[in-house]
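Peer 1: What follows is protein-v4.cif; its format and atoms are mmCIF, C-alpha atoms.
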```
data_data
#
loop_
_atom_site.label_atom_id
_atom_site.label_comp_id
_atom_site.auth_asym_id
_atom_site.auth_seq_id
_atom_site.Cartn_x
_atom_site.Cartn_y
_atom_site.Cartn_z
CA MET A 26 -0.14 -39.34 6.09
CA ILE A 27 -3.17 -37.62 7.61
CA ALA A 28 -1.03 -34.65 8.67
CA LEU A 29 0.38 -34.32 5.14
CA VAL A 30 -3.09 -34.42 3.60
CA VAL A 31 -4.30 -31.74 6.03
CA LEU A 32 -1.29 -29.53 5.25
CA PHE A 33 -1.86 -29.98 1.53
CA TRP A 34 -5.53 -29.00 1.58
CA VAL A 35 -5.17 -26.20 4.11
CA SER A 36 -2.31 -24.54 2.22
CA LEU A 37 -4.04 -25.03 -1.15
CA GLY A 38 -7.35 -23.71 0.19
CA ALA A 39 -5.72 -20.67 1.76
CA LEU A 40 -3.90 -19.80 -1.48
CA VAL A 41 -7.02 -20.22 -3.61
CA TRP A 42 -9.00 -18.10 -1.16
CA THR A 43 -6.57 -15.19 -0.82
CA HIS A 44 -5.71 -14.93 -4.52
CA GLY A 45 -8.96 -15.89 -6.21
CA ALA A 46 -12.05 -16.65 -4.16
CA TYR A 47 -11.76 -13.73 -1.74
CA PRO A 48 -11.62 -10.99 -4.43
CA LEU A 49 -14.66 -12.53 -6.13
CA ALA A 50 -16.51 -12.83 -2.83
CA ALA A 51 -15.69 -9.23 -1.85
CA TRP A 52 -16.96 -7.98 -5.21
CA ALA A 53 -20.14 -10.10 -5.04
CA VAL A 54 -21.04 -9.24 -1.45
CA GLY A 55 -20.14 -5.59 -1.95
CA SER A 56 -22.45 -5.43 -4.97
CA MET A 57 -25.33 -6.77 -2.90
CA ARG A 58 -24.81 -4.82 0.33
CA SER A 59 -22.47 -1.92 -0.32
CA ARG A 60 -21.87 0.90 2.14
CA PRO A 61 -22.34 4.06 0.07
CA ILE A 62 -19.99 6.99 0.59
CA ARG A 63 -21.52 10.45 0.82
CA LYS A 64 -19.54 12.84 -1.37
CA GLY A 65 -19.70 16.62 -1.50
CA ASP A 66 -18.24 19.62 -3.28
CA ASP A 67 -16.93 21.49 -0.22
CA LEU A 68 -13.21 22.27 -0.37
CA PRO A 69 -11.61 21.96 3.07
CA GLN A 70 -8.33 23.58 4.05
CA VAL A 71 -5.67 21.06 3.00
CA THR A 72 -1.97 20.68 3.67
CA VAL A 73 -0.18 18.47 1.16
CA ILE A 74 2.90 16.96 2.79
CA VAL A 75 5.78 15.71 0.64
CA ALA A 76 8.23 13.50 2.53
CA ALA A 77 11.68 13.71 0.98
CA HIS A 78 15.15 12.33 1.51
CA ASN A 79 17.71 13.46 -1.07
CA GLU A 80 15.17 14.20 -3.81
CA GLU A 81 16.95 17.08 -5.55
CA ASP A 82 16.33 15.52 -8.97
CA VAL A 83 12.54 15.64 -8.66
CA ILE A 84 11.51 18.03 -5.87
CA GLU A 85 11.09 21.13 -8.05
CA ARG A 86 8.96 19.21 -10.53
CA ARG A 87 6.86 17.84 -7.67
CA ILE A 88 6.20 21.28 -6.23
CA GLU A 89 5.36 22.71 -9.65
CA ASN A 90 2.84 19.91 -10.17
CA LEU A 91 1.18 20.55 -6.81
CA ARG A 92 1.00 24.30 -7.45
CA ALA A 93 -0.83 23.58 -10.72
CA LEU A 94 -3.64 21.63 -9.02
CA ASP A 95 -7.19 22.76 -9.63
CA TYR A 96 -7.67 23.78 -6.01
CA PRO A 97 -8.02 27.26 -4.46
CA ALA A 98 -4.57 28.54 -3.54
CA ASN A 99 -5.89 30.10 -0.33
CA ARG A 100 -7.09 26.68 0.85
CA LEU A 101 -3.94 24.76 -0.01
CA GLU A 102 -0.59 24.63 1.77
CA ILE A 103 2.38 22.67 0.41
CA VAL A 104 4.96 21.41 2.89
CA VAL A 105 8.17 19.52 2.20
CA THR A 106 9.28 17.56 5.26
CA SER A 107 12.91 16.57 4.79
CA ASP A 108 14.29 13.45 6.42
CA ALA A 109 17.78 14.89 6.93
CA SER A 110 18.44 15.40 3.21
CA THR A 111 22.15 15.92 2.50
CA ASP A 112 21.74 17.19 -1.07
CA ALA A 113 20.03 20.34 -2.39
CA THR A 114 16.46 19.15 -1.69
CA GLU A 115 15.72 21.59 1.12
CA GLY A 116 17.22 24.61 -0.63
CA LEU A 117 15.42 23.91 -3.89
CA ALA A 118 12.10 23.46 -2.10
CA ALA A 119 12.54 26.70 -0.14
CA ARG A 120 13.41 28.63 -3.32
CA ALA A 121 10.25 27.20 -4.91
CA GLY A 122 8.29 29.04 -2.23
CA VAL A 123 6.94 26.21 -0.09
CA ARG A 124 7.39 25.59 3.59
CA VAL A 125 10.29 23.28 4.45
CA ILE A 126 10.45 21.35 7.70
CA GLY A 127 13.80 19.81 8.56
CA ASN A 128 14.12 16.61 10.59
CA PRO A 129 16.92 14.45 11.96
CA ARG A 130 17.26 11.17 10.11
CA GLY A 131 14.39 9.07 11.42
CA GLY A 132 12.50 7.78 8.41
CA LYS A 133 9.53 8.81 6.33
CA VAL A 134 6.84 8.37 8.98
CA ALA A 135 8.75 10.33 11.61
CA ALA A 136 9.12 13.20 9.14
CA GLN A 137 5.41 13.01 8.31
CA ASN A 138 4.42 13.00 11.98
CA HIS A 139 6.50 16.12 12.63
CA ALA A 140 4.98 17.90 9.64
CA VAL A 141 1.43 17.15 10.78
CA ARG A 142 2.19 18.56 14.21
CA GLU A 143 3.50 21.76 12.60
CA THR A 144 0.40 22.41 10.45
CA GLU A 145 -3.23 23.26 11.20
CA SER A 146 -5.38 22.40 8.16
CA ASP A 147 -8.63 20.43 8.32
CA VAL A 148 -7.20 17.68 6.11
CA VAL A 149 -3.63 16.46 5.66
CA ALA A 150 -2.77 14.84 2.33
CA PHE A 151 0.42 12.93 1.61
CA THR A 152 2.43 12.19 -1.49
CA ASP A 153 5.85 10.97 -2.57
CA ALA A 154 8.45 13.22 -4.16
CA ASN A 155 8.53 11.17 -7.37
CA SER A 156 4.75 11.21 -7.90
CA THR A 157 2.67 13.41 -10.17
CA TRP A 158 -0.99 14.24 -9.55
CA ALA A 159 -3.69 14.86 -12.13
CA PRO A 160 -5.00 18.46 -11.98
CA ASP A 161 -8.28 17.40 -10.35
CA ALA A 162 -6.73 14.79 -8.03
CA LEU A 163 -7.02 16.77 -4.80
CA ARG A 164 -10.61 17.82 -5.47
CA ALA A 165 -11.52 14.17 -6.07
CA LEU A 166 -9.58 13.01 -3.02
CA VAL A 167 -11.36 15.27 -0.52
CA ARG A 168 -14.93 14.71 -1.76
CA ALA A 169 -15.43 11.71 0.50
CA PHE A 170 -14.74 13.78 3.61
CA ALA A 171 -18.30 15.06 3.25
CA ASP A 172 -19.18 11.69 4.80
CA PRO A 173 -18.68 12.04 8.58
CA ASP A 174 -17.74 8.36 8.88
CA VAL A 175 -14.79 8.67 6.47
CA ALA A 176 -11.40 9.35 8.06
CA TYR A 177 -8.98 8.20 5.33
CA VAL A 178 -9.10 8.31 1.53
CA CYS A 179 -6.53 6.87 -0.87
CA GLY A 180 -6.43 7.58 -4.58
CA ARG A 181 -5.43 5.53 -7.59
CA LEU A 182 -1.76 5.07 -8.44
CA ASN A 183 -1.09 4.70 -12.18
CA ILE A 184 2.23 3.07 -13.01
CA GLN A 185 3.93 4.32 -16.17
CA THR A 186 7.00 3.72 -18.30
CA ASP A 187 9.59 6.42 -19.04
CA ASP A 188 7.63 7.55 -22.10
CA GLY A 189 4.44 8.06 -20.06
CA LYS A 190 2.65 4.95 -21.30
CA ASN A 191 0.62 2.84 -18.91
CA ARG A 192 2.44 -0.15 -17.41
CA GLU A 193 0.08 -1.20 -14.67
CA GLY A 194 0.23 -4.88 -15.49
CA LEU A 195 -2.25 -7.60 -14.65
CA TYR A 196 -1.34 -7.76 -10.96
CA TRP A 197 -1.81 -4.05 -10.30
CA ARG A 198 -5.15 -3.94 -12.13
CA TYR A 199 -6.23 -6.93 -10.05
CA GLU A 200 -5.10 -5.21 -6.85
CA LEU A 201 -7.01 -2.02 -7.68
CA GLY A 202 -10.12 -4.10 -8.32
CA VAL A 203 -9.82 -5.71 -4.89
CA ARG A 204 -9.32 -2.29 -3.30
CA ALA A 205 -12.47 -0.96 -4.95
CA ALA A 206 -14.48 -3.98 -3.76
CA GLU A 207 -13.21 -3.60 -0.19
CA SER A 208 -14.06 0.09 -0.16
CA GLN A 209 -17.58 -0.67 -1.34
CA LEU A 210 -17.95 -3.46 1.22
CA ASP A 211 -16.53 -1.63 4.25
CA SER A 212 -13.01 -0.17 4.14
CA VAL A 213 -9.75 -0.76 2.28
CA THR A 214 -7.06 -2.85 3.96
CA GLY A 215 -4.18 -0.91 2.41
CA GLY A 216 -3.39 2.30 0.58
CA ASN A 217 -0.44 3.68 -1.36
CA GLY A 218 2.08 6.39 -0.54
CA SER A 219 1.54 8.36 -3.73
CA ILE A 220 -1.85 9.86 -2.92
CA TYR A 221 -3.89 9.67 0.27
CA ALA A 222 -5.44 12.01 2.82
CA VAL A 223 -6.57 11.87 6.44
CA ARG A 224 -8.92 14.07 8.38
CA ARG A 225 -6.67 15.89 10.88
CA SER A 226 -8.85 14.93 13.83
CA ASP A 227 -8.37 11.25 12.91
CA TYR A 228 -4.62 11.29 12.21
CA VAL A 229 -2.65 8.76 14.27
CA GLU A 230 1.09 8.87 14.85
CA VAL A 231 2.20 5.32 14.15
CA ASP A 232 5.46 3.55 14.86
CA PRO A 233 7.99 4.95 12.32
CA ARG A 234 8.83 1.38 11.26
CA PHE A 235 5.26 0.62 10.23
CA GLY A 236 4.38 3.09 7.48
CA HIS A 237 1.01 4.58 6.65
CA ASP A 238 -0.05 2.39 3.73
CA LEU A 239 -1.01 -0.63 5.83
CA SER A 240 -1.35 0.84 9.32
CA LEU A 241 -3.66 3.83 8.86
CA PRO A 242 -6.61 1.96 7.26
CA TYR A 243 -7.00 -0.62 10.03
CA LEU A 244 -6.37 1.98 12.74
CA MET A 245 -9.22 4.06 11.34
CA VAL A 246 -11.55 1.05 11.46
CA GLN A 247 -10.49 0.25 15.02
CA ARG A 248 -11.71 3.75 15.87
CA ARG A 249 -15.09 3.03 14.23
CA ARG A 250 -14.26 5.09 11.16
CA ARG A 251 -13.86 4.21 7.46
CA ALA A 252 -10.88 4.11 5.09
CA VAL A 253 -12.04 4.32 1.47
CA TYR A 254 -10.72 4.28 -2.09
CA GLU A 255 -11.33 7.08 -4.60
CA PRO A 256 -10.40 5.91 -8.13
CA ALA A 257 -11.00 9.38 -9.61
CA ALA A 258 -8.04 10.80 -7.65
CA ASN A 259 -5.17 9.86 -9.97
CA ALA A 260 -1.46 9.89 -9.26
CA PHE A 261 1.31 8.73 -11.59
CA GLU A 262 4.71 7.18 -10.94
CA LYS A 263 7.44 5.57 -13.02
CA ALA A 264 7.57 1.81 -12.88
CA THR A 265 10.62 0.08 -11.49
CA PRO A 266 12.78 -0.71 -14.54
CA THR A 267 13.15 -4.47 -14.01
CA THR A 268 11.39 -7.28 -12.17
CA GLU A 269 14.53 -7.69 -10.05
CA ASN A 270 14.28 -4.04 -8.94
CA GLU A 271 10.65 -4.67 -8.10
CA TYR A 272 11.66 -7.74 -6.09
CA ARG A 273 14.03 -5.68 -3.94
CA ARG A 274 11.34 -3.02 -3.46
CA LYS A 275 8.81 -5.68 -2.44
CA VAL A 276 11.21 -7.23 0.06
CA ARG A 277 11.70 -3.84 1.71
CA MET A 278 7.96 -3.18 1.72
CA PHE A 279 7.03 -6.62 3.07
CA GLU A 280 9.53 -6.25 5.93
CA HIS A 281 7.42 -3.35 7.21
CA CYS A 282 4.24 -5.34 6.58
CA TRP A 283 5.49 -8.25 8.69
CA ALA A 284 6.34 -5.82 11.50
CA ILE A 285 2.76 -4.54 11.45
CA VAL A 286 1.20 -8.02 11.22
CA ILE A 287 3.28 -9.37 14.10
CA GLU A 288 3.49 -6.28 16.33
CA GLY A 289 0.70 -3.95 15.21
CA LYS A 290 -2.32 -5.60 16.89
CA MET A 291 -4.22 -5.44 13.59
CA LEU A 292 -7.11 -7.68 14.56
CA ARG A 293 -8.36 -5.86 17.65
CA ARG A 294 -11.78 -4.16 17.69
CA LEU A 295 -12.56 -4.77 14.01
CA ARG A 296 -16.01 -5.05 12.48
CA PRO A 297 -16.67 -8.68 11.43
CA ILE A 298 -16.59 -7.98 7.68
CA TYR A 299 -13.39 -5.97 7.96
CA PHE A 300 -11.85 -8.71 10.11
CA VAL A 301 -12.40 -11.13 7.21
CA GLU A 302 -10.93 -8.56 4.78
CA VAL A 303 -7.72 -8.19 6.82
CA ILE A 304 -7.23 -11.93 7.28
CA SER A 305 -7.97 -12.64 3.61
CA HIS A 306 -6.15 -9.79 1.86
CA ARG A 307 -3.28 -9.10 4.25
CA HIS A 308 -2.40 -11.97 6.57
CA LEU A 309 -2.91 -14.77 4.07
CA ARG A 310 -1.41 -12.73 1.23
CA TYR A 311 1.78 -12.07 3.17
CA ALA A 312 1.87 -15.73 4.19
CA SER A 313 1.50 -16.90 0.59
CA GLY A 314 5.20 -17.68 0.22
CA LEU A 315 5.17 -19.92 3.28
CA LEU A 316 1.92 -21.52 2.10
CA HIS A 317 3.53 -22.30 -1.27
CA VAL A 318 6.53 -23.92 0.44
CA VAL A 319 4.19 -26.09 2.53
CA LEU A 320 2.08 -26.98 -0.51
CA LEU A 321 5.11 -27.94 -2.56
CA GLY A 322 6.55 -30.08 0.22
CA ALA A 323 3.23 -31.82 0.87
CA SER A 324 2.71 -32.45 -2.86
CA ILE A 325 6.12 -34.11 -3.15
CA ALA A 326 5.54 -36.23 -0.03
CA LEU A 327 2.10 -37.32 -1.25
CA LEU A 328 3.21 -38.18 -4.78
CA GLY A 329 1.91 -41.64 -5.62
CA HIS A 330 -1.03 -41.41 -3.21
CA GLY A 331 -3.54 -39.86 -5.57
CA THR A 332 -3.89 -38.13 -8.93
CA ILE A 333 -4.69 -34.74 -7.34
CA TYR A 334 -1.27 -34.60 -5.70
CA ALA A 335 0.53 -35.38 -8.95
CA VAL A 336 -1.49 -32.73 -10.80
CA ALA A 337 -0.80 -30.16 -8.07
CA LEU A 338 2.92 -30.89 -8.15
CA GLY A 339 2.99 -30.68 -11.93
CA LEU A 340 1.25 -27.30 -11.91
CA GLN A 341 3.64 -25.92 -9.30
CA LEU A 342 6.71 -27.14 -11.17
CA GLY A 343 5.26 -25.70 -14.37
CA VAL A 344 4.90 -22.25 -12.82
CA LEU A 345 8.46 -22.41 -11.47
CA ALA A 346 9.78 -23.49 -14.88
CA ALA A 347 7.90 -20.66 -16.59
CA ALA A 348 9.39 -18.20 -14.10
CA LEU A 349 12.91 -19.50 -14.80
CA LEU A 350 12.28 -19.12 -18.53
CA GLY A 351 11.25 -15.49 -18.00
CA VAL A 352 7.53 -15.77 -18.72
CA GLY A 353 6.26 -12.39 -17.49
CA ILE A 354 3.37 -13.06 -15.15
CA ALA A 355 4.88 -16.31 -13.81
CA ARG A 356 8.23 -14.66 -13.10
CA TYR A 357 6.56 -11.70 -11.41
CA TYR A 358 4.34 -13.92 -9.28
CA VAL A 359 7.16 -16.19 -8.14
CA LEU A 360 9.52 -13.31 -7.29
CA VAL A 361 6.88 -11.33 -5.40
CA THR A 362 5.72 -14.45 -3.57
CA TRP A 363 9.28 -15.35 -2.59
CA ALA A 364 9.76 -11.75 -1.44
CA THR A 365 7.24 -12.47 1.35
CA VAL A 366 9.52 -15.27 2.61
CA GLN A 367 12.76 -13.31 2.27
CA SER A 368 11.25 -10.30 4.03
CA LEU A 369 10.03 -12.43 6.94
CA PHE A 370 13.52 -13.90 7.32
CA ASN A 371 15.01 -10.38 7.28
CA TYR A 372 12.50 -9.14 9.85
CA LEU A 373 13.13 -12.04 12.23
CA ARG A 374 16.89 -11.77 11.79
CA ARG A 375 17.47 -8.03 12.16
CA GLY A 376 14.17 -6.22 12.58
CA VAL A 377 13.01 -3.38 10.33
CA PRO A 378 14.72 0.00 9.97
CA ALA A 379 12.58 3.15 9.97
CA THR A 380 14.67 4.85 7.29
CA TRP A 381 14.35 4.21 3.57
CA ASP A 382 16.07 4.91 0.26
CA ALA A 383 14.46 5.65 -3.08
CA ALA A 384 13.74 2.68 -5.33
CA GLU A 385 16.18 2.53 -8.20
CA GLY A 386 14.99 3.90 -11.52
CA THR A 387 11.74 5.46 -10.27
CA ARG A 388 12.91 9.10 -10.20
#
```
With the file now loaded, output its structure as structure tokens.
Peer 2:
Amino acid sequence: MIALVVLFWVSLGALVWTHGAYPLAAWAVGSMRSRPIRKGDDLPQVTVIVAAHNEEDVIERRIENLRALDYPANRLEIVVTSDASTDATEGLAARAGVRVIGNPRGGKVAAQNHAVRETESDVVAFTDANSTWAPDALRALVRAFADPDVAYVCGRLNIQTDDGKNREGLYWRYELGVRAAESQLDSVTGGNGSIYAVRRSDYVEVDPRFGHDLSLPYLMVQRRRRAVYEPAANAFEKATPTTENEYRRKVRMFEHCWAIVIEGKMLRRLRPIYFVEVISHRHLRYASGLLHVVLLGASIALLGHGTIYAVALGLQLGVLAAALLGVGIARYYVLVTWATVQSLFNYLRRGVPATWDAAEGTR
């Protein structure tokens, strides 16, 4: 009985902390003792690297968008690094006048690593082939490099429907708020593949299975640097068309996250505040599916031993019922939370491949 009570309160407390109390605490503490970021108007030499695998449907549009950026042409290089594309991606990119770097099939990160080695700019910026940047996005992205402590900057991804309307949703707005609070407090614990940049001298070649979004921020902090968020640097991408598509995308993404959490030595040499950020926003968040399973099991076992356990069980069953009935936020939360469990099972069963395929409906 004591063990069940401990499991109940530990799992409940961890879920409340990671999803609710931690974001509020990060915002409150960051408001009281923020680490300001020095920003400047200097425009460094930048190489924008587009990783692509069979992106013939969007690569010309992507290059046209990057060419239209409000950034001096003599300080901007555009490179398409192809992960063994078998369609017309490489030819279309070459005809568009940008540099194309071919690679054997090895995954996105391997292609990015090769491209960085083949270029010489002060800053390397990265984007996906299906993204679009606002005209001033690159200028906004590089401003923080005026701060000598800043090594990594990620921008804001705006998720849109086919007609260009905003479809960020409650979860994504919440996630961007947490990212802003973390950046103000110390450093972000994760970025996004649509828009980010790294000072060349700080770039780290990571395991191709890991990905940049989660690995680069903590690696920068381990090197006594900062990884920050710039909300004025806007990128746009199409939303996945259904929650089920998003579930499959999340499973694939979380597989890489579990590889980093288990193998990536994330917690070494971190500043105390950032250590708390990583545990709270990453480790506990990825463990939320397991925590929910433990909480549900403990609630069932403790039914009849106190009102709190009956209320907790009723709330959990209510959320599950709402998800089955298709209630938007409940269905999204349950599917994404279960994706953390499915992805862990996949990782333990077969590992994580370095290669990737485009998410359905996002091109």
Peer 1: For the file shown, what are the residues hit by the PyMOL selection byres ((chain A and resi 115-127) around 9), laid out as a PyMOL selection string?
Peer 2: chain A and resi 77+79-81+84-85+88-89+102-114+128-129+136+139-140+143
Peer 1: CA of Leu342 (chain A) to CA of Trp363 (chain A): how many Å, to one decimal?
Peer 2: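 For CA of Leu342 (chain A) relative to CA of Trp363 (chain A), the distance reads 14.8 Å.
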Peer 1: What gap, in Å, lies between CA of Glu288 (chain A) and CA of Ser240 (chain A)?
Peer 2: 11.1 Å
Peer 1: With only C-alpha atoms as the atoms that count, which of A:Asp161, A:Glu230, A:Asp66, A:Glu271 lies nearest to Pro256 (chain A)?
Peer 2: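 Ranking A:Asp161, A:Glu230, A:Asp66, A:Glu271 by distance to Pro256 (chain A), first place goes to A:Asp161.
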Peer 1: Rank A:Val134, A:Pro61, A:Ile287, A:Ser305 by their smallest atom-to-atom distance to Val41 (chain A), using all atoms listed in the file, and report the top residue only.
Peer 2: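 Between A:Val134, A:Pro61, A:Ile287, A:Ser305, the residue approaching Val41 (chain A) most closely is A:Ser305.
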Peer 1: Reconstruct all heavy atoms of region 117-127 of chain A; output as an mmCIF file, in the coordinates of the input.
Peer 2:
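Just written: out32.cif:
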```cif
data_model
loop_
_atom_site.group_PDB
_atom_site.id
_atom_site.type_symbol
_atom_site.label_atom_id
_atom_site.label_comp_id
_atom_site.auth_asym_id
_atom_site.auth_seq_id
_atom_site.Cartn_x
_atom_site.Cartn_y
_atom_site.Cartn_z
ATOM 1 N N LEU A 117 16.242 23.805 -2.692
ATOM 2 C CA LEU A 117 15.420 23.910 -3.890
ATOM 3 C C LEU A 117 13.948 24.085 -3.533
ATOM 4 O O LEU A 117 13.224 24.866 -4.154
ATOM 5 C CB LEU A 117 15.603 22.666 -4.765
ATOM 6 C CG LEU A 117 16.968 22.507 -5.435
ATOM 7 C CD1 LEU A 117 17.078 21.128 -6.085
ATOM 8 C CD2 LEU A 117 17.194 23.598 -6.472
ATOM 9 N N ALA A 118 13.500 23.351 -2.518
ATOM 10 C CA ALA A 118 12.100 23.460 -2.100
ATOM 11 C C ALA A 118 11.817 24.842 -1.522
ATOM 12 O O ALA A 118 10.772 25.446 -1.801
ATOM 13 C CB ALA A 118 11.778 22.378 -1.079
ATOM 14 N N ALA A 119 12.738 25.363 -0.717
ATOM 15 C CA ALA A 119 12.540 26.700 -0.140
ATOM 16 C C ALA A 119 12.513 27.760 -1.236
ATOM 17 O O ALA A 119 11.681 28.679 -1.202
ATOM 18 C CB ALA A 119 13.652 26.986 0.862
ATOM 19 N N ARG A 120 13.387 27.646 -2.226
ATOM 20 C CA ARG A 120 13.410 28.630 -3.320
ATOM 21 C C ARG A 120 12.140 28.529 -4.177
ATOM 22 O O ARG A 120 11.744 29.503 -4.815
ATOM 23 C CB ARG A 120 14.653 28.431 -4.189
ATOM 24 C CG ARG A 120 15.915 28.992 -3.545
ATOM 25 C CD ARG A 120 17.042 29.120 -4.556
ATOM 26 N NE ARG A 120 17.558 27.828 -4.969
ATOM 27 C CZ ARG A 120 18.487 27.150 -4.292
ATOM 28 N NH1 ARG A 120 18.976 27.637 -3.155
ATOM 29 N NH2 ARG A 120 18.923 25.984 -4.729
ATOM 30 N N ALA A 121 11.499 27.356 -4.170
ATOM 31 C CA ALA A 121 10.250 27.200 -4.910
ATOM 32 C C ALA A 121 9.064 27.829 -4.165
ATOM 33 O O ALA A 121 7.949 27.854 -4.687
ATOM 34 C CB ALA A 121 9.974 25.728 -5.166
ATOM 35 N N GLY A 122 9.318 28.299 -2.948
ATOM 36 C CA GLY A 122 8.290 29.040 -2.230
ATOM 37 C C GLY A 122 7.402 28.237 -1.317
ATOM 38 O O GLY A 122 6.361 28.742 -0.871
ATOM 39 N N VAL A 123 7.762 27.004 -0.996
ATOM 40 C CA VAL A 123 6.940 26.210 -0.090
ATOM 41 C C VAL A 123 7.615 26.125 1.272
ATOM 42 O O VAL A 123 8.803 26.417 1.418
ATOM 43 C CB VAL A 123 6.687 24.785 -0.647
ATOM 44 C CG1 VAL A 123 6.031 24.859 -2.012
ATOM 45 C CG2 VAL A 123 7.982 23.982 -0.712
ATOM 46 N N ARG A 124 6.856 25.727 2.235
ATOM 47 C CA ARG A 124 7.390 25.590 3.590
ATOM 48 C C ARG A 124 8.218 24.316 3.690
ATOM 49 O O ARG A 124 7.804 23.250 3.214
ATOM 50 C CB ARG A 124 6.235 25.539 4.587
ATOM 51 C CG ARG A 124 6.663 25.503 6.038
ATOM 52 C CD ARG A 124 5.426 25.536 6.912
ATOM 53 N NE ARG A 124 5.768 25.392 8.312
ATOM 54 C CZ ARG A 124 4.884 25.186 9.281
ATOM 55 N NH1 ARG A 124 3.593 25.119 8.977
ATOM 56 N NH2 ARG A 124 5.270 25.050 10.535
ATOM 57 N N VAL A 125 9.396 24.423 4.291
ATOM 58 C CA VAL A 125 10.290 23.280 4.450
ATOM 59 C C VAL A 125 10.469 23.011 5.937
ATOM 60 O O VAL A 125 10.773 23.911 6.717
ATOM 61 C CB VAL A 125 11.656 23.532 3.790
ATOM 62 C CG1 VAL A 125 12.589 22.344 4.020
ATOM 63 C CG2 VAL A 125 11.487 23.802 2.299
ATOM 64 N N ILE A 126 10.265 21.774 6.316
ATOM 65 C CA ILE A 126 10.450 21.350 7.700
ATOM 66 C C ILE A 126 11.600 20.352 7.732
ATOM 67 O O ILE A 126 11.543 19.307 7.092
ATOM 68 C CB ILE A 126 9.171 20.714 8.269
ATOM 69 C CG1 ILE A 126 8.031 21.734 8.290
ATOM 70 C CG2 ILE A 126 9.417 20.151 9.668
ATOM 71 C CD1 ILE A 126 6.698 21.157 8.723
ATOM 72 N N GLY A 127 12.652 20.689 8.455
ATOM 73 C CA GLY A 127 13.800 19.810 8.560
ATOM 74 C C GLY A 127 13.638 18.830 9.719
ATOM 75 O O GLY A 127 13.005 19.137 10.733
#
```
